[in-house]
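Dumped final-v9.csv below, it's CSV, C-alpha atoms (C1' of nucleotides):
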chain,number,residue,atom,x,y,z
A,1,MET,CA,0.0,0.0,0.0
A,2,PRO,CA,1.3,3.4,-0.9
A,3,ILE,CA,1.8,6.2,1.6
A,4,ASP,CA,-1.3,6.8,3.5
A,5,ARG,CA,-0.7,9.9,5.6
A,6,LYS,CA,-4.0,9.4,7.4
A,7,ASN,CA,-2.6,8.9,10.9
A,8,GLU,CA,1.0,9.1,10.0
A,9,ILE,CA,3.9,11.4,10.4
A,10,LEU,CA,6.1,12.5,7.5
A,11,PRO,CA,9.0,10.2,7.2
A,12,GLY,CA,12.1,11.9,8.5
A,13,THR,CA,10.4,14.2,10.9
A,14,LEU,CA,9.8,12.0,13.8
A,15,GLU,CA,13.3,12.6,15.2
A,16,MET,CA,12.9,16.3,15.0
A,17,LEU,CA,9.5,16.2,16.7
A,18,VAL,CA,10.9,14.1,19.5
A,19,LEU,CA,13.9,16.4,20.0
A,20,LYS,CA,11.6,19.4,20.1
A,21,THR,CA,9.4,17.8,22.7
A,22,LEU,CA,12.4,16.9,24.8
A,23,SER,CA,13.7,20.4,24.6
A,24,LEU,CA,10.8,21.4,26.8
A,25,GLY,CA,11.9,19.0,29.5
A,26,ALA,CA,12.7,15.4,30.2
A,27,LEU,CA,10.0,13.0,29.4
A,28,HIS,CA,9.3,9.3,28.9
A,29,GLY,CA,8.3,7.6,25.6
A,30,TYR,CA,4.6,7.4,26.3
A,31,GLY,CA,4.6,11.0,27.4
A,32,ILE,CA,6.4,12.1,24.2
A,33,SER,CA,3.8,10.3,22.1
A,34,GLN,CA,0.9,11.9,24.0
A,35,HIS,CA,2.5,15.4,23.8
A,36,ILE,CA,2.9,15.3,20.0
A,37,ARG,CA,-0.5,13.8,19.5
A,38,GLN,CA,-2.2,16.4,21.7
A,39,LEU,CA,-0.4,19.4,20.4
A,40,SER,CA,-1.1,18.4,16.8
A,41,LYS,CA,-4.8,17.7,17.6
A,42,ASP,CA,-4.5,14.0,16.7
A,43,VAL,CA,-3.1,14.7,13.3
A,44,LEU,CA,0.3,13.3,14.2
A,45,GLN,CA,-0.1,9.8,15.7
A,46,VAL,CA,3.3,8.5,16.9
A,47,GLU,CA,3.0,4.7,16.9
A,48,GLU,CA,4.9,3.0,19.7
A,49,GLY,CA,6.5,0.7,17.2
A,50,SER,CA,8.1,3.7,15.6
A,51,LEU,CA,8.8,5.7,18.7
A,52,TYR,CA,10.8,3.3,20.8
A,53,PRO,CA,13.2,2.2,18.1
A,54,ALA,CA,13.6,5.9,17.2
A,55,LEU,CA,14.5,6.7,20.9
A,56,GLN,CA,17.0,3.9,20.9
A,57,ARG,CA,18.6,5.1,17.7
A,58,MET,CA,18.8,8.6,19.2
A,59,GLU,CA,20.4,7.4,22.4
A,60,LEU,CA,22.9,5.5,20.3
A,61,LYS,CA,23.7,8.6,18.4
A,62,GLY,CA,24.2,10.5,21.7
A,63,LEU,CA,21.3,12.9,21.0
A,64,VAL,CA,19.5,11.9,24.2
A,65,SER,CA,20.3,10.3,27.5
A,66,ALA,CA,18.0,8.0,29.3
A,67,GLU,CA,17.2,7.1,32.9
A,68,TRP,CA,14.7,4.8,34.7
A,69,LYS,CA,12.5,6.7,37.0
A,70,ILE,CA,9.1,6.6,38.6
A,71,THR,CA,6.3,8.6,37.1
A,72,PRO,CA,3.9,10.8,39.2
A,73,THR,CA,1.5,8.0,38.6
A,74,LYS,CA,3.8,5.5,40.2
A,75,ARG,CA,5.0,3.6,37.3
A,76,ARG,CA,8.4,2.8,36.2
A,77,ALA,CA,9.3,4.7,33.0
A,78,ARG,CA,12.4,5.5,31.0
A,79,TYR,CA,12.9,9.2,31.0
A,80,TYR,CA,14.8,10.8,28.1
A,81,LYS,CA,16.5,14.2,28.0
A,82,LEU,CA,18.3,16.1,25.4
A,83,THR,CA,22.1,16.1,25.4
A,84,ALA,CA,24.1,19.1,24.1
A,85,ALA,CA,24.5,17.2,20.8
A,86,GLY,CA,20.7,16.7,20.7
A,87,ARG,CA,20.0,20.4,21.2
A,88,LYS,CA,22.4,21.2,18.4
A,89,GLN,CA,20.9,18.5,16.2
A,90,LEU,CA,17.4,20.0,16.8
A,91,GLY,CA,18.5,23.3,15.4
A,92,ILE,CA,20.1,21.6,12.3
A,93,GLU,CA,17.0,19.6,11.6
A,94,GLN,CA,14.7,22.4,12.2
A,95,SER,CA,16.3,24.8,9.7
A,96,SER,CA,16.9,22.0,7.2
A,97,PHE,CA,13.2,21.1,7.4
A,98,ALA,CA,12.1,24.7,7.0
A,99,ARG,CA,14.3,25.0,4.0
A,100,VAL,CA,12.9,21.9,2.3
A,101,VAL,CA,9.3,22.8,3.1
A,102,GLU,CA,9.8,26.2,1.6
A,103,ALA,CA,11.3,24.7,-1.5
A,104,ILE,CA,8.3,22.4,-1.8
A,105,ALA,CA,5.9,25.3,-1.3
A,106,THR,CA,7.7,27.2,-4.2
A,107,VAL,CA,7.2,24.3,-6.5
A,108,MET,CA,3.6,23.7,-5.5
A,109,GLN,CA,2.7,27.4,-5.9
A,110,PRO,CA,2.4,27.9,-9.7
A,111,GLU,CA,-1.2,28.6,-10.5
A,112,SER,CA,-1.5,27.1,-13.9
B,113,MET,CA,23.7,6.5,7.2
B,114,PRO,CA,20.8,8.5,8.7
B,115,ILE,CA,18.7,11.0,6.8
B,116,ASP,CA,20.9,13.5,5.0
B,117,ARG,CA,18.4,16.0,3.5
B,118,LYS,CA,21.3,17.8,1.8
B,119,ASN,CA,20.2,17.1,-1.8
B,120,GLU,CA,17.2,15.1,-1.1
B,121,ILE,CA,13.5,15.4,-1.2
B,122,LEU,CA,11.2,14.7,1.8
B,123,PRO,CA,10.1,11.1,1.6
B,124,GLY,CA,6.5,11.0,0.5
B,125,THR,CA,6.5,14.2,-1.5
B,126,LEU,CA,8.1,13.2,-4.8
B,127,GLU,CA,4.8,12.0,-6.2
B,128,MET,CA,3.0,15.2,-5.3
B,129,LEU,CA,5.8,17.3,-6.9
B,130,VAL,CA,5.6,15.3,-10.0
B,131,LEU,CA,1.8,15.5,-10.2
B,132,LYS,CA,2.0,19.2,-9.7
B,133,THR,CA,4.6,19.6,-12.4
B,134,LEU,CA,2.6,17.6,-14.9
B,135,SER,CA,-0.5,19.6,-14.1
B,136,LEU,CA,1.3,22.5,-15.9
B,137,GLY,CA,1.5,20.4,-19.1
B,138,ALA,CA,2.8,17.1,-20.4
B,139,LEU,CA,6.5,16.5,-19.9
B,140,HIS,CA,9.2,13.9,-20.0
B,141,GLY,CA,11.1,12.5,-17.0
B,142,TYR,CA,14.2,14.5,-17.5
B,143,GLY,CA,12.2,17.7,-18.0
B,144,ILE,CA,10.3,17.0,-14.8
B,145,SER,CA,13.5,16.6,-12.9
B,146,GLN,CA,14.9,19.9,-14.3
B,147,HIS,CA,11.7,21.8,-13.6
B,148,ILE,CA,11.5,20.8,-9.9
B,149,ARG,CA,15.2,21.4,-9.5
B,150,GLN,CA,15.1,24.9,-11.1
B,151,LEU,CA,11.9,26.1,-9.4
B,152,SER,CA,13.3,25.0,-6.0
B,153,LYS,CA,16.7,26.7,-6.7
B,154,ASP,CA,18.6,23.4,-6.5
B,155,VAL,CA,17.2,22.6,-3.1
B,156,LEU,CA,15.2,19.7,-4.4
B,157,GLN,CA,17.3,17.3,-6.4
B,158,VAL,CA,15.3,14.6,-8.1
B,159,GLU,CA,17.6,11.7,-8.7
B,160,GLU,CA,16.9,9.7,-11.8
B,161,GLY,CA,16.9,6.4,-9.8
B,162,SER,CA,14.1,7.8,-7.8
B,163,LEU,CA,12.1,9.5,-10.6
B,164,TYR,CA,11.8,6.8,-13.2
B,165,PRO,CA,10.5,4.2,-10.8
B,166,ALA,CA,8.1,6.7,-9.4
B,167,LEU,CA,6.8,7.5,-12.8
B,168,GLN,CA,6.3,3.8,-13.5
B,169,ARG,CA,4.4,3.4,-10.2
B,170,MET,CA,2.2,6.3,-11.0
B,171,GLU,CA,1.5,5.0,-14.5
B,172,LEU,CA,0.5,1.6,-12.9
B,173,LYS,CA,-1.8,3.4,-10.5
B,174,GLY,CA,-3.4,5.3,-13.4
B,175,LEU,CA,-2.3,8.7,-12.2
B,176,VAL,CA,-0.4,9.5,-15.4
B,177,SER,CA,-0.4,8.2,-19.0
B,178,ALA,CA,2.7,8.0,-21.1
B,179,GLU,CA,3.6,8.3,-24.7
B,180,TRP,CA,6.9,8.2,-26.7
B,181,LYS,CA,7.5,11.4,-28.6
B,182,ILE,CA,10.3,13.5,-30.0
B,183,THR,CA,11.5,16.5,-28.1
B,184,PRO,CA,12.1,19.9,-29.6
B,185,THR,CA,15.8,18.9,-29.3
B,186,LYS,CA,15.1,15.9,-31.5
B,187,ARG,CA,15.4,13.2,-29.0
B,188,ARG,CA,13.1,10.4,-28.2
B,189,ALA,CA,11.5,10.9,-24.8
B,190,ARG,CA,8.6,9.4,-22.9
B,191,TYR,CA,6.1,12.2,-22.3
B,192,TYR,CA,3.8,11.9,-19.3
B,193,LYS,CA,0.6,13.6,-18.7
B,194,LEU,CA,-1.9,13.7,-15.9
B,195,THR,CA,-5.0,11.6,-16.0
B,196,ALA,CA,-8.3,12.7,-14.4
B,197,ALA,CA,-7.4,10.4,-11.5
B,198,GLY,CA,-4.0,12.0,-11.3
B,199,ARG,CA,-5.5,15.5,-11.0
B,200,LYS,CA,-7.8,14.3,-8.3
B,201,GLN,CA,-4.9,12.6,-6.5
B,202,LEU,CA,-2.9,15.9,-6.7
B,203,GLY,CA,-5.6,17.7,-4.8
B,204,ILE,CA,-5.7,15.0,-2.1
B,205,GLU,CA,-2.0,14.9,-1.6
B,206,GLN,CA,-1.7,18.6,-1.6
B,207,SER,CA,-4.3,19.2,1.2
B,208,SER,CA,-3.0,16.2,3.1
B,209,PHE,CA,0.5,17.6,3.0
B,210,ALA,CA,-0.6,21.0,4.1
B,211,ARG,CA,-2.5,19.5,7.0
B,212,VAL,CA,0.5,17.5,8.2
B,213,VAL,CA,3.0,20.4,7.7
B,214,GLU,CA,0.7,22.7,9.7
B,215,ALA,CA,0.5,20.1,12.5
B,216,ILE,CA,4.3,19.8,12.5
B,217,ALA,CA,4.6,23.6,12.7
B,218,THR,CA,2.2,23.6,15.7
B,219,VAL,CA,4.4,21.1,17.5
B,220,MET,CA,7.6,22.9,16.6
B,221,GLN,CA,6.3,26.2,17.7
B,222,PRO,CA,6.5,26.2,21.6
B,223,GLU,CA,9.1,28.7,22.7
B,224,SER,CA,10.3,27.0,25.8
C,225,DC,C1',-11.7,-9.0,39.8
C,226,DG,C1',-12.1,-7.6,35.2
C,227,DG,C1',-11.0,-4.0,32.2
C,228,DC,C1',-8.7,0.0,30.8
C,229,DA,C1',-5.0,3.3,30.5
C,230,DT,C1',-0.3,3.5,31.2
C,231,DA,C1',4.4,2.0,29.9
C,232,DC,C1',8.1,-0.5,27.4
C,233,DA,C1',9.9,-3.5,23.8
C,234,DT,C1',10.9,-6.3,19.5
C,235,DA,C1',10.2,-9.0,15.3
C,236,DG,C1',8.8,-8.8,10.7
C,237,DA,C1',7.4,-6.5,6.8
C,238,DT,C1',6.9,-2.7,3.6
C,239,DC,C1',8.1,0.8,0.6
C,240,DA,C1',10.0,5.1,-1.0
C,241,DC,C1',14.2,6.5,-2.0
C,242,DC,C1',19.4,6.3,-3.1
C,243,DT,C1',23.7,4.6,-5.2
C,244,DA,C1',25.6,2.7,-8.9
C,245,DT,C1',25.6,1.4,-13.3
C,246,DG,C1',24.2,0.6,-17.9
C,247,DG,C1',22.9,2.1,-22.7
C,248,DG,C1',22.1,5.4,-26.3
C,249,DT,C1',21.7,10.0,-29.2
C,250,DA,C1',22.3,15.0,-30.7
C,251,DG,C1',25.3,18.7,-31.2
C,252,DG,C1',29.3,21.2,-30.7
C,253,DT,C1',34.5,21.7,-30.4
C,254,DG,C1',39.5,20.8,-31.0
D,255,DC,C1',37.2,12.9,-37.2
D,256,DA,C1',37.3,12.0,-32.2
D,257,DC,C1',35.8,13.5,-28.2
D,258,DC,C1',33.0,15.6,-24.8
D,259,DT,C1',28.9,17.3,-22.8
D,260,DA,C1',24.1,17.6,-22.2
D,261,DC,C1',20.2,15.1,-22.8
D,262,DC,C1',17.2,10.9,-22.0
D,263,DC,C1',15.8,6.3,-20.3
D,264,DA,C1',16.2,2.3,-17.2
D,265,DT,C1',17.1,-1.2,-13.4
D,266,DA,C1',19.4,-3.9,-9.8
D,267,DG,C1',20.6,-3.8,-5.2
D,268,DG,C1',20.6,-1.8,-0.9
D,269,DT,C1',19.2,1.1,3.0
D,270,DG,C1',16.5,2.8,6.6
D,271,DA,C1',12.5,4.9,8.6
D,272,DT,C1',8.1,3.6,9.6
D,273,DC,C1',4.0,0.4,10.4
D,274,DT,C1',1.7,-3.8,12.1
D,275,DA,C1',1.4,-7.1,15.3
D,276,DT,C1',2.4,-9.0,19.4
D,277,DG,C1',4.1,-9.6,24.0
D,278,DT,C1',4.9,-8.2,28.9
D,279,DA,C1',3.7,-5.8,33.1
D,280,DT,C1',1.5,-2.7,36.5
D,281,DG,C1',-1.7,0.8,38.8
D,282,DC,C1',-6.3,2.1,39.2
D,283,DC,C1',-11.2,2.0,39.1
D,284,DG,C1',-15.8,0.2,39.2

Could you express the structure from this file as structure tokens?
Amino acid sequence: MPIDRKNEILPGTLEMLVLKTLSLGALHGYGISQHIRQLSKDVLQVEEGSLYPALQRMELKGLVSAEWKITPTKRRARYYKLTAAGRKQLGIEQSSFARVVEAIATVMQPES
Amino acid sequence: MPIDRKNEILPGTLEMLVLKTLSLGALHGYGISQHIRQLSKDVLQVEEGSLYPALQRMELKGLVSAEWKITPTKRRARYYKLTAAGRKQLGIEQSSFARVVEAIATVMQPES
DNA sequence: CGGCATACATAGATCACCTATGGGTAGGTG
DNA sequence: CACCTACCCATAGGTGATCTATGTATGCCG
């Protein structure tokens, strides 16, 4: 099946969204998912099967660091926070994304 | 290697860009590639290894139709044009894309 | 005590895209 | 003429992000 974009994020943007979310404060996976979903009014649905592997990749790359903690609701959860490299990467991805989206907008603009 | 976005289009947007280009008139693959590249001021580089398979997929899906012709420069080239289904699909993808980009912008907005 | 929301994790598959490579032609230039 | 560059098509092979599906476990509420 081709790309569906019904409940789905744009490939390549998940990492940026996660970095941005974590720039507001440390958070666990489930919380990240909820945050993105709520802010985007359910347009961006971050599937768990996408998010957890992404977090692991990002930890491997040194963009985030992780720590087991207990949530306010008394559950064990893995809290992630931005590293310095992660904060830098957020800036890079953000401007790169803006650049590409603007280029796409230019191409999509011609009236006829 | 992770996503590079140096010369590269956003995954999932190539089809939309091609549909838009063809909505301006029938064109061959090479011309489509040049058009997107020039309009985007070299930001969007459509690789041939991405484009030709994409055109074939789109033909299979009935979004475009193809015909061998001779270019003004006297070369044989495969001209593609939008079908009715393709024009409809362009509208769908365009609004879907706008919707997702706006959602991303909302998530990326919070100041701190 | 059954069900739901919370919370993490992985295997397997898919699919768009990239890299690399191949072939071929028209037109100009040394 | 030989060569080069721009034009034009095509495919094999690989990568990598994402999705689907599934599994585990716990706190809480009715």

Determine, for each residue of segment 49-101 of chain A having at least one atom at most 9 Å from an atom of segment 230-243 of chain C, the closest pair of atoms and their separation in Å to one decimal, counting all atoms listed in the file; order by chain and ascending number, as a Markdown table.
| residue | atom | partner | partner_atom | distance |
| --- | --- | --- | --- | --- |
| A:Gly49 | CA | C:DA233 | C1' | 8.5 |
| A:Tyr52 | CA | C:DA233 | C1' | 7.5 |
| A:Pro53 | CA | C:DA233 | C1' | 8.7 |
| A:Thr73 | CA | C:DT230 | C1' | 8.8 |
| A:Arg75 | CA | C:DA231 | C1' | 7.6 |
| A:Arg76 | CA | C:DA231 | C1' | 7.5 |
| A:Ala77 | CA | C:DA231 | C1' | 6.4 |
| A:Arg78 | CA | C:DC232 | C1' | 8.2 |

How would the residues just picked look written out with C-alpha atoms as an mmCIF file, in the frame of the given file?
data_model
loop_
_atom_site.group_PDB
_atom_site.id
_atom_site.type_symbol
_atom_site.label_atom_id
_atom_site.label_comp_id
_atom_site.auth_asym_id
_atom_site.auth_seq_id
_atom_site.Cartn_x
_atom_site.Cartn_y
_atom_site.Cartn_z
ATOM 1 C CA GLY A 49 6.500 0.700 17.200
ATOM 2 C CA TYR A 52 10.800 3.300 20.800
ATOM 3 C CA PRO A 53 13.200 2.200 18.100
ATOM 4 C CA THR A 73 1.500 8.000 38.600
ATOM 5 C CA ARG A 75 5.000 3.600 37.300
ATOM 6 C CA ARG A 76 8.400 2.800 36.200
ATOM 7 C CA ALA A 77 9.300 4.700 33.000
ATOM 8 C CA ARG A 78 12.400 5.500 31.000
#

For the interface of chain D with chain A (cut-off 10 Å, counting only C-alpha atoms (C1' of nucleotides)), please tabulate each contacting residue of chain D alongside its nearest pair of atoms and their separation in Å to one decimal, rows sorted by chain and increasing number, as JSON lines.
{"residue": "D:DA271", "atom": "C1'", "partner": "A:Pro11", "partner_atom": "CA", "distance": 6.5}
{"residue": "D:DT272", "atom": "C1'", "partner": "A:Ser50", "partner_atom": "CA", "distance": 6.0}
{"residue": "D:DC273", "atom": "C1'", "partner": "A:Gly49", "partner_atom": "CA", "distance": 7.3}
{"residue": "D:DT274", "atom": "C1'", "partner": "A:Gly49", "partner_atom": "CA", "distance": 8.3}
{"residue": "D:DA275", "atom": "C1'", "partner": "A:Gly49", "partner_atom": "CA", "distance": 9.5}
{"residue": "D:DT280", "atom": "C1'", "partner": "A:Arg75", "partner_atom": "CA", "distance": 7.3}
{"residue": "D:DG281", "atom": "C1'", "partner": "A:Lys74", "partner_atom": "CA", "distance": 7.4}
{"residue": "D:DC282", "atom": "C1'", "partner": "A:Thr73", "partner_atom": "CA", "distance": 9.8}

Go ahead and save the residues from that selection, with C-alpha atoms (C1' of nucleotides), as a PDB file, in the frame of the given file.
ATOM      1  C1'  DA D 271      12.500   4.900   8.600  1.00  0.00           C
ATOM      2  C1'  DT D 272       8.100   3.600   9.600  1.00  0.00           C
ATOM      3  C1'  DC D 273       4.000   0.400  10.400  1.00  0.00           C
ATOM      4  C1'  DT D 274       1.700  -3.800  12.100  1.00  0.00           C
ATOM      5  C1'  DA D 275       1.400  -7.100  15.300  1.00  0.00           C
ATOM      6  C1'  DT D 280       1.500  -2.700  36.500  1.00  0.00           C
ATOM      7  C1'  DG D 281      -1.700   0.800  38.800  1.00  0.00           C
ATOM      8  C1'  DC D 282      -6.300   2.100  39.200  1.00  0.00           C
TER       9       DC D 282
END

Within 10 Å of chain B, which residues belong to chain A? Use all atoms listed in the file and report them as a ChimeraX atom specification. /A:2-14,16-21,23-25,35-44,57,93-94,96-112

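Across A:Val46, A:Ala26, A:Leu60, A:Ile70, the tightest approach to chain C is made by A:Ile70 when counting all atoms listed in the file.
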
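Atom pair atom CA of Glu15 of chain A / atom CA of Met58 of chain A: separated by 7.9 Å.
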